[in-house]
$ cat run.cif   # mmCIF, C-alpha atoms, pLDDT in the B column; chains and numbers go by the auth columns
data_protein
loop_
_atom_site.group_PDB
_atom_site.id
_atom_site.type_symbol
_atom_site.label_atom_id
_atom_site.label_comp_id
_atom_site.label_asym_id
_atom_site.label_seq_id
_atom_site.Cartn_x
_atom_site.Cartn_y
_atom_site.Cartn_z
_atom_site.B_iso_or_equiv
_atom_site.auth_seq_id
_atom_site.auth_asym_id
ATOM 1 C CA MET A 1 63.346 -55.244 -76.869 83.00 1 A
ATOM 2 C CA GLU A 2 66.042 -54.870 -74.240 92.00 2 A
ATOM 3 C CA LYS A 3 65.203 -55.637 -70.635 96.00 3 A
ATOM 4 C CA CYS A 4 67.026 -54.555 -67.483 97.00 4 A
ATOM 5 C CA TYR A 5 68.850 -57.066 -65.277 96.00 5 A
ATOM 6 C CA PHE A 6 70.690 -57.150 -61.951 95.00 6 A
ATOM 7 C CA CYS A 7 73.470 -59.755 -62.278 92.00 7 A
ATOM 8 C CA THR A 8 75.978 -61.440 -59.961 89.00 8 A
ATOM 9 C CA ILE A 9 79.073 -63.621 -60.293 84.00 9 A
ATOM 10 C CA THR A 10 80.859 -65.260 -57.361 84.00 10 A
ATOM 11 C CA GLU A 11 84.674 -65.176 -57.472 82.00 11 A
ATOM 12 C CA ILE A 12 86.558 -67.897 -55.559 81.00 12 A
ATOM 13 C CA ASN A 13 90.106 -67.032 -54.530 79.00 13 A
ATOM 14 C CA GLY A 14 91.497 -69.721 -52.264 79.00 14 A
ATOM 15 C CA GLU A 15 88.939 -70.177 -49.511 82.00 15 A
ATOM 16 C CA ALA A 16 87.526 -66.653 -49.868 84.00 16 A
ATOM 17 C CA GLU A 17 84.432 -65.936 -51.957 85.00 17 A
ATOM 18 C CA TYR A 18 83.477 -62.508 -53.298 86.00 18 A
ATOM 19 C CA THR A 19 80.274 -61.629 -55.104 87.00 19 A
ATOM 20 C CA SER A 20 80.413 -59.061 -57.892 86.00 20 A
ATOM 21 C CA SER A 21 77.182 -57.307 -58.830 92.00 21 A
ATOM 22 C CA PHE A 22 76.539 -55.410 -62.042 92.00 22 A
ATOM 23 C CA LEU A 23 73.739 -54.346 -64.369 95.00 23 A
ATOM 24 C CA MET A 24 72.968 -55.345 -67.942 93.00 24 A
ATOM 25 C CA LYS A 25 70.485 -54.196 -70.570 96.00 25 A
ATOM 26 C CA THR A 26 70.003 -56.878 -73.176 94.00 26 A
ATOM 27 C CA ASP A 27 67.470 -58.820 -75.199 95.00 27 A
ATOM 28 C CA ASP A 28 69.330 -62.143 -74.651 93.00 28 A
ATOM 29 C CA ILE A 29 70.470 -62.306 -71.013 90.00 29 A
ATOM 30 C CA GLU A 30 71.441 -66.005 -71.092 86.00 30 A
ATOM 31 C CA LYS A 31 73.897 -65.521 -73.975 87.00 31 A
ATOM 32 C CA ASP A 32 75.285 -62.176 -72.824 88.00 32 A
ATOM 33 C CA LEU A 33 75.749 -63.217 -69.196 84.00 33 A
ATOM 34 C CA GLN A 34 77.613 -66.380 -70.273 80.00 34 A
ATOM 35 C CA GLU A 35 79.944 -64.203 -72.367 81.00 35 A
ATOM 36 C CA VAL A 36 80.647 -61.917 -69.382 82.00 36 A
ATOM 37 C CA PHE A 37 81.077 -64.973 -67.137 75.00 37 A
ATOM 38 C CA LYS A 38 83.575 -66.650 -69.494 74.00 38 A
ATOM 39 C CA ASN A 39 85.666 -63.466 -69.778 75.00 39 A
ATOM 40 C CA TYR A 40 85.240 -62.304 -66.173 69.00 40 A
ATOM 41 C CA CYS A 41 88.994 -62.205 -65.396 68.00 41 A
ATOM 42 C CA GLY A 42 90.572 -62.799 -68.774 68.00 42 A
ATOM 43 C CA ASP A 43 90.118 -65.840 -70.968 73.00 43 A
ATOM 44 C CA GLY A 44 88.579 -68.501 -68.720 71.00 44 A
ATOM 45 C CA GLU A 45 88.071 -72.197 -69.284 70.00 45 A
ATOM 46 C CA TYR A 46 84.926 -74.047 -68.323 66.00 46 A
ATOM 47 C CA ASP A 47 85.484 -76.710 -65.683 69.00 47 A
ATOM 48 C CA SER A 48 85.661 -80.207 -67.126 63.00 48 A
ATOM 49 C CA TYR A 49 84.699 -83.191 -65.011 59.00 49 A
ATOM 50 C CA ASN A 50 84.699 -86.627 -66.624 52.00 50 A
ATOM 51 C CA GLY A 51 84.958 -84.963 -70.018 57.00 51 A
ATOM 52 C CA GLU A 52 81.780 -82.900 -69.603 60.00 52 A
ATOM 53 C CA GLU A 53 81.901 -79.118 -69.450 61.00 53 A
ATOM 54 C CA ASP A 54 80.331 -77.484 -66.411 57.00 54 A
ATOM 55 C CA THR A 55 79.146 -74.090 -67.652 59.00 55 A
ATOM 56 C CA SER A 56 78.547 -72.862 -64.094 67.00 56 A
ATOM 57 C CA PHE A 57 82.222 -72.995 -63.038 68.00 57 A
ATOM 58 C CA ILE A 58 85.147 -71.316 -64.842 72.00 58 A
ATOM 59 C CA TRP A 59 88.884 -71.437 -64.120 76.00 59 A
ATOM 60 C CA PHE A 60 91.094 -68.403 -64.663 76.00 60 A
ATOM 61 C CA ARG A 61 94.829 -68.068 -64.109 71.00 61 A
ATOM 62 C CA ASP A 62 94.698 -67.148 -60.400 72.00 62 A
ATOM 63 C CA LEU A 63 91.090 -67.794 -59.395 72.00 63 A
ATOM 64 C CA ALA A 64 87.799 -69.381 -60.322 76.00 64 A
ATOM 65 C CA ALA A 65 84.285 -68.016 -60.776 78.00 65 A
ATOM 66 C CA THR A 66 80.903 -69.614 -60.293 76.00 66 A
ATOM 67 C CA ASP A 67 77.222 -68.937 -59.736 67.00 67 A
ATOM 68 C CA SER A 68 76.482 -66.419 -62.454 77.00 68 A
ATOM 69 C CA ASP A 69 72.916 -65.340 -61.855 86.00 69 A
ATOM 70 C CA TYR A 70 70.489 -62.621 -62.895 90.00 70 A
ATOM 71 C CA ARG A 71 67.158 -61.081 -62.002 94.00 71 A
ATOM 72 C CA GLU A 72 65.036 -58.825 -64.179 96.00 72 A
ATOM 73 C CA VAL A 73 64.417 -55.420 -62.616 97.00 73 A
ATOM 74 C CA PRO A 74 62.041 -52.611 -63.591 97.00 74 A
ATOM 75 C CA GLU A 75 63.501 -49.686 -65.549 96.00 75 A
ATOM 76 C CA GLU A 76 62.937 -47.371 -62.582 96.00 76 A
ATOM 77 C CA ASP A 77 64.999 -49.623 -60.277 96.00 77 A
ATOM 78 C CA PHE A 78 67.695 -49.966 -62.949 96.00 78 A
ATOM 79 C CA ASN A 79 67.992 -46.174 -63.133 96.00 79 A
ATOM 80 C CA VAL A 80 68.539 -45.959 -59.370 96.00 80 A
ATOM 81 C CA LEU A 81 70.973 -48.906 -59.254 95.00 81 A
ATOM 82 C CA LYS A 82 73.121 -47.555 -62.106 95.00 82 A
ATOM 83 C CA LYS A 83 74.283 -44.801 -59.761 95.00 83 A
ATOM 84 C CA TYR A 84 75.979 -47.487 -57.662 95.00 84 A
ATOM 85 C CA LEU A 85 76.807 -50.390 -60.003 94.00 85 A
ATOM 86 C CA ILE A 86 78.645 -50.805 -63.295 88.00 86 A
ATOM 87 C CA ILE A 87 76.646 -51.443 -66.455 91.00 87 A
ATOM 88 C CA LEU A 88 78.000 -54.115 -68.802 86.00 88 A
#

$ encode --input "run.cif" --output "structure tokens"
Amino acid sequence: MEKCYFCTITEINGEAEYTSSFLMKTDDIEKDLQEVFKNYCGDGEYDSYNGEEDTSFIWFRDLAATDSDYREVPEEDFNVLKKYLIIL
């Protein structure tokens, strides 16, 4: 059964950070949010440090993204928030 989620991703562009917020309805938030995170601004690559992939930091052509996060929200709150946020 699908649940409702409020999600965020932080974009890093130089020294500036911007947080993007969006909504998702899914039955597998971990998998679906990682897919959105990896393709946030095109085809990203996970950060590699000492040969190990860091799945919380992704490089894109002109910027990076980090801190993908989510919180389950009640259906009623989701219905209000969808007037103001994109649903992925």

$ residues_near_point --input "run.cif" --point "(64.4, -54.3, -66.3)" --cutoff "9 Å" --atoms "all atoms listed in the file" --output "list in words"
Glu2, Lys3, Cys4, Tyr5, Phe6, Met24, Lys25, Arg71, Glu72, Val73, Pro74, Glu75, Glu76, Asp77 and Phe78 of chain A

$ write_last_selection --input "run.cif" --atoms "C-alpha atoms" --output "compact mmCIF listing (two decimals), keeping the file's coordinate frame"
# COMPACT_ATOMS: atom_id res chain seq x y z
CA GLU A 2 66.04 -54.87 -74.24
CA LYS A 3 65.20 -55.64 -70.64
CA CYS A 4 67.03 -54.56 -67.48
CA TYR A 5 68.85 -57.07 -65.28
CA PHE A 6 70.69 -57.15 -61.95
CA MET A 24 72.97 -55.34 -67.94
CA LYS A 25 70.48 -54.20 -70.57
CA ARG A 71 67.16 -61.08 -62.00
CA GLU A 72 65.04 -58.82 -64.18
CA VAL A 73 64.42 -55.42 -62.62
CA PRO A 74 62.04 -52.61 -63.59
CA GLU A 75 63.50 -49.69 -65.55
CA GLU A 76 62.94 -47.37 -62.58
CA ASP A 77 65.00 -49.62 -60.28
CA PHE A 78 67.69 -49.97 -62.95

$ atom_distance --input "run.cif" --atom1 "atom CA of Leu85 of chain A" --atom2 "atom CA of Thr66 of chain A"
19.7 Å

$ atom_distance --input "run.cif" --atom1 "atom CA of Tyr18 of chain A" --atom2 "atom CA of Phe37 of chain A"
14.3 Å

$ atom_distance --input "run.cif" --atom1 "atom CA of Glu11 of chain A" --atom2 "atom CA of Leu23 of chain A"
16.9 Å

$ resolve_selection --input "run.cif" --expression "the PyMOL selection byres ((chain A and resi 60) around 8)" --output "MDAnalysis selection string"
chainID A and resid 41:45 58:59 61:65

$ write_last_selection --input "run.cif" --atoms "C-alpha atoms" --output "short mmCIF file (atom, residue, chain, number, x, y, z; two decimals), in the frame of the given file"
data_model
loop_
_atom_site.label_atom_id
_atom_site.label_comp_id
_atom_site.auth_asym_id
_atom_site.auth_seq_id
_atom_site.Cartn_x
_atom_site.Cartn_y
_atom_site.Cartn_z
CA CYS A 41 88.99 -62.20 -65.40
CA GLY A 42 90.57 -62.80 -68.77
CA ASP A 43 90.12 -65.84 -70.97
CA GLY A 44 88.58 -68.50 -68.72
CA GLU A 45 88.07 -72.20 -69.28
CA ILE A 58 85.15 -71.32 -64.84
CA TRP A 59 88.88 -71.44 -64.12
CA ARG A 61 94.83 -68.07 -64.11
CA ASP A 62 94.70 -67.15 -60.40
CA LEU A 63 91.09 -67.79 -59.40
CA ALA A 64 87.80 -69.38 -60.32
CA ALA A 65 84.28 -68.02 -60.78
#

$ resolve_selection --input "run.cif" --expression "the PyMOL selection byres ((chain A and resi 19-21) around 7)" --output "tab-separated table (two decimals) with C-alpha atoms, in the coordinates of the input"
chain	number	residue	atom	x	y	z
A	7	CYS	CA	73.47	-59.76	-62.28
A	8	THR	CA	75.98	-61.44	-59.96
A	9	ILE	CA	79.07	-63.62	-60.29
A	10	THR	CA	80.86	-65.26	-57.36
A	11	GLU	CA	84.67	-65.18	-57.47
A	17	GLU	CA	84.43	-65.94	-51.96
A	18	TYR	CA	83.48	-62.51	-53.30
A	22	PHE	CA	76.54	-55.41	-62.04

$ axis_aligned_box --input "run.cif" --around "segment 68-87 of chain A" --padding-each-side "6 Å" --output "JSON"
{"center_x": 70.3, "center_y": -55.6, "center_z": -62.1, "size_x": 28.6, "size_y": 33.6, "size_z": 20.8}

$ closest_residue --input "run.cif" --among "A:Glu15, A:Val80, A:Met1, A:Tyr70" --to "Asp32 of chain A" --atoms "all atoms listed in the file"
A:Tyr70

$ closest_residue --input "run.cif" --among "A:Gln34, A:Ile12, A:Asp27, A:Leu81" --to "Asp69 of chain A" --atoms "only C-alpha atoms"
A:Gln34

$ closest_residue --input "run.cif" --among "A:Asn13, A:Lys31, A:Thr26, A:Ser68" --to "Ile87 of chain A" --atoms "only C-alpha atoms"
A:Thr26
